[in-house]
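Asks: One structure, as structure tokens, below. Some questions next.
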Amino acid sequence: MPARQVIPFESDLPWPIIGAIPEMLQTAHGSLTIGLDIQPGQSLLIRGGTSSVGMAAAILAKRAGLTVLASTRNEAKRESLASIDVDHVLIDDGNLASAVRRIVPGGVDAALELVGTPTLRDTLHATRIHGVVCFTGMLSNQWTIPDFYPIDYIPRGVRLTSYTGGAADLPGSVLQAFLQAVSDGTATVPIGKVYALDDIVQAHTDMEENRISGKLVVTT
């Protein structure tokens with residue numbers, strides 16, 4: 001293992017919780033800091049809010065003092081977002097911009113796109129002039145935009161960026177602080193379900209059929 005990918009920490013949390021955190025936290029933290037440069041008092045839309053990264057981003061953003069709007073396609077998952085103190089839960093039918101602007105008339109300051117290219121254009125239209133959209137996830141498994149014409153596609157003044165990163169983007173101090181917050185009960189880890197290794201087929205089935213909100217963890 002390259003030393004640059006190793007992050008030291010101290011924690012008495014159970015291993016299923018510890019194991020769920022690093023990749024999820026790194027992606028959420030990197031998206032919010034490198035991608036969006038979030039600031040206290042801003043509004044944030046998370047498109048794909050019940051994914052593990054979406055829920056982790058909501059938790060981090062709330063801790064940073066933002067107003068969080070998060071979407072899910074499934075009404076039954078509304079409570080999972082309410083349980084982590086998301087301010088506004090939106091049911092996503094593919095057209096969220098108008099619903100977002102009823103809550104934040106000028107558009108949100110920042111938006112984290114985790115669904116992918118099918119919803120990106122609508123997410124851009126939910127964002128204010130000089131606001132930023134960070135494209136991080138492709139839960140839809142659609143990777144490209146056919147016949148992309150930027151002037152027509154991106155609303156004037158809205159900024160579009162992306163985030164992809166690795167272990168170097170997660171400072172040890174951030175990981176340690178989050179682990180401590182979880183231990184103290186001031187932060188939660190959005191684990192949807194823990195499986196034994198013998199249940200790996202069920203874990204993949206649940207993931208592919210989008211049955212679970214949050215992180216799926218398999219123990220060995």
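Labeling convention for the structure tokens: chains A, B, ... as they appear, residues from 1 per chain, ligands from 1 in order of appearance.
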Per residue of range 26-110 of chain A within 9 Å of range 168-179 of chain A, what are the shortest atom pair and its distance in Å to one decimal, counting only C-alpha atoms, with rows by chain and residue number, as JSON lines?

Replies:
```
{"residue": "A:Gln26", "atom": "CA", "partner": "A:Leu170", "partner_atom": "CA", "distance": 5.1}
{"residue": "A:Thr27", "atom": "CA", "partner": "A:Leu170", "partner_atom": "CA", "distance": 8.4}
{"residue": "A:His29", "atom": "CA", "partner": "A:Leu170", "partner_atom": "CA", "distance": 7.2}
{"residue": "A:Gly30", "atom": "CA", "partner": "A:Asp169", "partner_atom": "CA", "distance": 6.3}
{"residue": "A:Ile34", "atom": "CA", "partner": "A:Asp169", "partner_atom": "CA", "distance": 8.6}
```

Asks: Can I get the selection written as a CSV table (one decimal), in the first residue's frame, with all heavy atoms?

Replies:
```csv
chain,number,residue,atom,x,y,z
A,26,GLN,N,-14.3,11.1,2.0
A,26,GLN,CA,-13.4,11.8,1.1
A,26,GLN,C,-14.1,12.4,-0.1
A,26,GLN,O,-13.9,13.5,-0.5
A,26,GLN,CB,-12.4,10.8,0.6
A,26,GLN,CG,-11.4,11.3,-0.5
A,26,GLN,CD,-11.8,10.9,-1.8
A,26,GLN,OE1,-11.9,9.7,-2.1
A,26,GLN,NE2,-12.0,11.8,-2.8
A,27,THR,N,-15.1,11.6,-0.7
A,27,THR,CA,-15.8,12.1,-1.8
A,27,THR,C,-16.7,13.3,-1.5
A,27,THR,O,-16.8,14.3,-2.2
A,27,THR,CB,-16.6,11.0,-2.5
A,27,THR,OG1,-15.8,9.9,-2.8
A,27,THR,CG2,-17.3,11.5,-3.8
A,29,HIS,N,-16.5,15.3,1.2
A,29,HIS,CA,-15.6,16.4,1.7
A,29,HIS,C,-15.0,17.1,0.5
A,29,HIS,O,-15.0,18.3,0.4
A,29,HIS,CB,-14.5,15.9,2.7
A,29,HIS,CG,-13.5,17.0,3.0
A,29,HIS,ND1,-13.8,18.0,4.0
A,29,HIS,CD2,-12.3,17.2,2.6
A,29,HIS,CE1,-12.8,18.8,4.1
A,29,HIS,NE2,-11.8,18.3,3.3
A,30,GLY,N,-14.4,16.3,-0.5
A,30,GLY,CA,-13.8,16.9,-1.6
A,30,GLY,C,-14.7,17.6,-2.5
A,30,GLY,O,-14.4,18.7,-3.1
A,34,ILE,N,-13.2,21.3,-2.5
A,34,ILE,CA,-12.5,21.5,-3.8
A,34,ILE,C,-13.5,21.9,-4.9
A,34,ILE,O,-13.3,22.8,-5.6
A,34,ILE,CB,-11.7,20.3,-4.2
A,34,ILE,CG1,-10.6,20.0,-3.1
A,34,ILE,CG2,-11.1,20.5,-5.6
A,34,ILE,CD1,-9.9,18.7,-3.3
```

Asks: What residues in range 13-124 of chain A get the DSSP label strand (DSSP E or B)? Please answer as a list in words.

Replies: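 The strand (DSSP E or B) residues within range 13-124 of chain A come out as Ser43, Leu44, Leu45, Ile46, Arg47, Thr67, Val68, Leu69, Ala70, Ser71, Thr72, His88, Val89, Leu90, Ile91, Val108, Asp109, Ala110, Ala111, Leu112 and Glu113 of chain A.
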
Asks: Output N, CA and C atoms for every residue in the selection just made, as a compact mmCIF listing (two decimals), in the first residue's frame.

Replies:
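out-v7.txt, freshly written:
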```txt
# COMPACT_ATOMS: atom_id res chain seq x y z
N SER A 43 -26.88 28.14 0.64
CA SER A 43 -27.85 27.09 0.36
C SER A 43 -27.22 26.07 -0.58
N LEU A 44 -27.53 24.80 -0.35
CA LEU A 44 -26.92 23.71 -1.12
C LEU A 44 -28.00 22.73 -1.54
N LEU A 45 -28.03 22.41 -2.84
CA LEU A 45 -28.89 21.36 -3.35
C LEU A 45 -28.05 20.11 -3.58
N ILE A 46 -28.52 18.96 -3.06
CA ILE A 46 -27.85 17.68 -3.30
C ILE A 46 -28.78 16.83 -4.15
N ARG A 47 -28.40 16.60 -5.38
CA ARG A 47 -29.21 15.80 -6.32
C ARG A 47 -28.74 14.35 -6.21
N THR A 67 -27.84 25.71 4.59
CA THR A 67 -29.22 25.24 4.41
C THR A 67 -29.20 24.20 3.30
N VAL A 68 -29.70 23.00 3.60
CA VAL A 68 -29.55 21.87 2.67
C VAL A 68 -30.89 21.45 2.09
N LEU A 69 -30.93 21.39 0.77
CA LEU A 69 -32.05 20.80 0.04
C LEU A 69 -31.52 19.51 -0.57
N ALA A 70 -32.24 18.42 -0.44
CA ALA A 70 -31.77 17.15 -0.99
C ALA A 70 -32.93 16.42 -1.64
N SER A 71 -32.62 15.69 -2.71
CA SER A 71 -33.66 15.03 -3.49
C SER A 71 -33.58 13.52 -3.37
N THR A 72 -34.73 12.89 -3.54
CA THR A 72 -34.84 11.45 -3.69
C THR A 72 -35.96 11.17 -4.68
N HIS A 88 -34.89 20.73 3.52
CA HIS A 88 -35.98 20.58 2.54
C HIS A 88 -35.75 19.31 1.74
N VAL A 89 -36.68 18.36 1.85
CA VAL A 89 -36.61 17.12 1.09
C VAL A 89 -37.49 17.27 -0.15
N LEU A 90 -36.92 16.99 -1.31
CA LEU A 90 -37.62 17.15 -2.58
C LEU A 90 -37.75 15.80 -3.27
N ILE A 91 -38.95 15.49 -3.75
CA ILE A 91 -39.16 14.26 -4.51
C ILE A 91 -38.84 14.57 -5.98
N VAL A 108 -30.19 28.22 -5.74
CA VAL A 108 -29.26 27.87 -4.67
C VAL A 108 -27.85 28.38 -4.97
N ASP A 109 -27.08 28.55 -3.91
CA ASP A 109 -25.69 29.00 -4.07
C ASP A 109 -24.81 27.91 -4.67
N ALA A 110 -25.11 26.66 -4.30
CA ALA A 110 -24.27 25.55 -4.72
C ALA A 110 -25.13 24.31 -4.92
N ALA A 111 -24.69 23.44 -5.83
CA ALA A 111 -25.42 22.21 -6.09
C ALA A 111 -24.44 21.08 -6.34
N LEU A 112 -24.72 19.94 -5.72
CA LEU A 112 -23.90 18.75 -5.90
C LEU A 112 -24.68 17.75 -6.73
N GLU A 113 -24.20 17.48 -7.94
CA GLU A 113 -24.87 16.57 -8.86
C GLU A 113 -24.29 15.17 -8.71
```

Asks: Name the residues in contact with Thr220 in chain A at a cut-off of 9 Å, using only C-alpha atoms, excluding same-chain residues fewer than 5 positions from it; report them as a PDB file with all heavy atoms, in the first residue's frame.

Replies:
```pdb
ATOM      1  N   ALA A 196     -23.253  -9.818   6.061  1.00  0.00           N
ATOM      2  CA  ALA A 196     -22.155 -10.757   6.160  1.00  0.00           C
ATOM      3  C   ALA A 196     -21.686 -11.102   4.750  1.00  0.00           C
ATOM      4  O   ALA A 196     -22.429 -10.934   3.773  1.00  0.00           O
ATOM      5  CB  ALA A 196     -22.598 -12.023   6.891  1.00  0.00           C
ATOM      6  N   LEU A 197     -20.456 -11.592   4.636  1.00  0.00           N
ATOM      7  CA  LEU A 197     -19.911 -11.897   3.314  1.00  0.00           C
ATOM      8  C   LEU A 197     -20.767 -12.926   2.566  1.00  0.00           C
ATOM      9  O   LEU A 197     -20.895 -12.864   1.341  1.00  0.00           O
ATOM     10  CB  LEU A 197     -18.479 -12.410   3.450  1.00  0.00           C
ATOM     11  CG  LEU A 197     -17.705 -12.612   2.137  1.00  0.00           C
ATOM     12  CD1 LEU A 197     -17.623 -11.318   1.340  1.00  0.00           C
ATOM     13  CD2 LEU A 197     -16.301 -13.146   2.420  1.00  0.00           C
ATOM     14  N   ASP A 198     -21.377 -13.842   3.304  1.00  0.00           N
ATOM     15  CA  ASP A 198     -22.245 -14.843   2.663  1.00  0.00           C
ATOM     16  C   ASP A 198     -23.467 -14.205   2.008  1.00  0.00           C
ATOM     17  O   ASP A 198     -24.128 -14.837   1.171  1.00  0.00           O
ATOM     18  CB  ASP A 198     -22.704 -15.894   3.684  1.00  0.00           C
ATOM     19  CG  ASP A 198     -21.578 -16.827   4.097  1.00  0.00           C
ATOM     20  OD1 ASP A 198     -20.550 -16.856   3.392  1.00  0.00           O
ATOM     21  OD2 ASP A 198     -21.714 -17.509   5.128  1.00  0.00           O
TER      22      ASP A 198
END
```

Asks: Between A:Ser31, A:Gln5, A:Thr219, A:Ser213, single out the one closest to Val133 in chain A, counting only C-alpha atoms.

Replies: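 Once distances to Val133 in chain A are computed over only C-alpha atoms, the minimum belongs to A:Ser31.
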
Asks: For Arg121 in chain A, which of A:Ile154, A:Met1, A:Leu60, A:Val100 is the closest residue, counting only C-alpha atoms?

Replies: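 Among the listed residues, the smallest separation from Arg121 in chain A belongs to A:Ile154.
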
Asks: Enumerate as a VMD selection string all residues of range 155-187 of chain A assigned to alpha helix (DSSP H) by DSSP on the backbone, naming them with the chain letters and numbers the document uses.

Replies: chain A and resid 172 to 184

Asks: Find the residues near Pro105 in chain A: any atom within 10 Å, counting only C-alpha atoms, skip ones fewer than 6 places away on the same chain, and give them as a PyMOL selection string.

Replies: chain A and resi 98-99+126-128

Asks: Contacts of range 201-210 of chain A at 10 Å or less, counting only C-alpha atoms, minus same-chain residues fewer than 6 places along, as a list in words?

Replies: Thr50, Ser51, Asn74, Lys193, Val194, Tyr195, Leu216, Val217 and Val218 of chain A

Asks: For the atom pair CA of Leu36 in chain A and CA of Val132 in chain A, what is the interatomic distance in Å to one decimal place?

Replies: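 The value is 6.2 Å.
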
Asks: Excluding Asp152 in chain A and residues on its chain fewer than 5 positions from it, collect all residues at most 12 Å away from it, counting only C-alpha atoms, and give them as a PyMOL selection string.

Replies: chain A and resi 121+124-125+147

Asks: Which residues, written as a short mmCIF file (atom, residue, chain, number, x, y, z; two decimals) with N, CA, C and O atoms, in the first residue's frame, have at least one atom at most 7 Å from Ala58 in chain A, with only C-alpha atoms counted and residues fewer than 4 positions away on the same chain left out?

Replies:
```cif
data_model
loop_
_atom_site.label_atom_id
_atom_site.label_comp_id
_atom_site.auth_asym_id
_atom_site.auth_seq_id
_atom_site.Cartn_x
_atom_site.Cartn_y
_atom_site.Cartn_z
N GLY A 54 -24.31 11.38 -0.97
CA GLY A 54 -25.29 12.45 -0.78
C GLY A 54 -25.62 12.67 0.68
O GLY A 54 -25.69 13.82 1.15
N LYS A 62 -24.56 20.50 6.83
CA LYS A 62 -25.30 20.98 8.00
C LYS A 62 -24.34 21.37 9.12
O LYS A 62 -24.53 22.38 9.81
N VAL A 68 -29.70 23.00 3.60
CA VAL A 68 -29.55 21.87 2.67
C VAL A 68 -30.89 21.45 2.09
O VAL A 68 -31.85 21.19 2.83
N VAL A 86 -31.86 17.29 7.02
CA VAL A 86 -31.99 18.04 5.76
C VAL A 86 -33.14 19.03 5.90
O VAL A 86 -34.21 18.69 6.40
#
```

Asks: Choose the residue, out of A:Tyr163, A:Phe135, A:Tyr149, A:Phe9, that has the smallest atom-to-atom separation from Val115 in chain A; count only C-alpha atoms.

Replies: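 Residue with the minimum atom-to-atom distance to Val115 in chain A: A:Phe135.
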
Asks: Which one is closest to Pro14 in chain A: A:Thr119, A:Thr188, A:Ser183, A:Ser162? Count only C-alpha atoms.

Replies: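 Looking only at the distances to Pro14 in chain A, the closest residue turns out to be A:Ser183.
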
Asks: I need the residue nearest Cys134 in chain A from this list: A:Gly116, A:Gly185, A:Pro22, A:Pro16. Use only C-alpha atoms for the distance.

Replies: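 Of A:Gly116, A:Gly185, A:Pro22, A:Pro16, the one nearest Cys134 in chain A, counting only C-alpha atoms, is A:Gly116.
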
Asks: When you draw a straight line from CA of Asp93 in chain A to CA of Gly65 in chain A, how long is it in Å?

Replies: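 Straight-line distance from CA of Asp93 in chain A to CA of Gly65 in chain A works out to 27.9 Å.
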